[in-house]
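Trainee: I am attaching a structure below and will ask some questions about it afterwards.
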Amino acid sequence: MAWIAPDGKEFDDVDSDVIYEYYSEEDYENDLNESYGDVVIAGHAYETGLALRAVDPVAFRMGYSESLDYYARDPESLGFEEVDDDEDDYDSDSVRSAMAGAYNKGKDVAKRGAAKTKQAVSKAKPKKAPAKTSSNSCRSKTAPKSKSTKPKTKGARR
């Protein structure tokens, strides 16, 4: 049985020493403050954790030690997660089957993607422009064609 701490570290066993890394005296003091609120001494209000630490440090340390023991018995209440590290949970056939299925699915997706790419490329090829004839290429694009059917003669009319 293994445990994963709130920060992701893995531990084979959770004892008071491990909990000590994740639950400080300040955490214990804050828990006392939240649980009991303020304490009034001679008309002055103080946080309970601070007051206990100052008035009776032995009682404070004993309470903190008891809290470490409690969290060692119930690490989930401090955010630890229990991990089953038994290697027999997954048989090799089921893992192999799942991996083969994922591989084959990936191949199918790749084939479909390649086919779509080929189709897109064939559609995107430029079409050839019709060839120009020599008679069209000799004409000026700016001069209009004459509509007269009579041939033009040089010289003046009499």
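Please note that chains go A, B, ... in the order of the structure tokens, that every chain numbers its residues from 1, and that ligands are numbered from 1 in the order shown.
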Set the distance at 9 Å and use only C-alpha atoms: which residues neighbour segment 38-55 of chain A once local chain neighbours fewer than 6 positions away are removed? I'd like the list as a list of chain:residue names.
Mentor: A:Glu26, A:Tyr28, A:Glu29, A:Asn30, A:Asp31, A:Leu32, A:Arg61
Trainee: Might you pull out every residue within 6 Å of segment 68-75 of chain A, with only C-alpha atoms counted and same-chain residues fewer than 2 positions away left off, and present them as a PyMOL selection string?
Mentor: chain A and resi 14-16+65-66+77-78+80
Trainee: Name the residues of segment 4-102 of chain A that fall into alpha helix (DSSP H) according to DSSP on the backbone, using the chain letters and numbers of this document, as a ChimeraX atom specification.
Mentor: /A:16-22,25-36,48-55,57-73,92-102
Trainee: Could you please determine the separation between atom CA of Met1 of chain A and atom CA of Gly79 of chain A in Å, to one decimal place?
Mentor: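 Interatomic distance here is 16.2 Å.
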Trainee: So, counting only C-alpha atoms, which residue among A:Glu76, A:Met62, A:Gly37, A:Glu81 is closest to Glu25 of chain A?
Mentor: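 Between A:Glu76, A:Met62, A:Gly37, A:Glu81, the residue approaching Glu25 of chain A most closely is A:Met62.
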Trainee: One decimal, in Å: what's the spacing between atom CA of Asp84 of chain A and atom CA of Trp3 of chain A?
Mentor: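 It comes out at 8.5 Å.
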Trainee: Could you please determine the separation between atom CA of Ser67 of chain A and atom CA of Lys9 of chain A in Å, to one decimal place?
Mentor: 21.2 Å
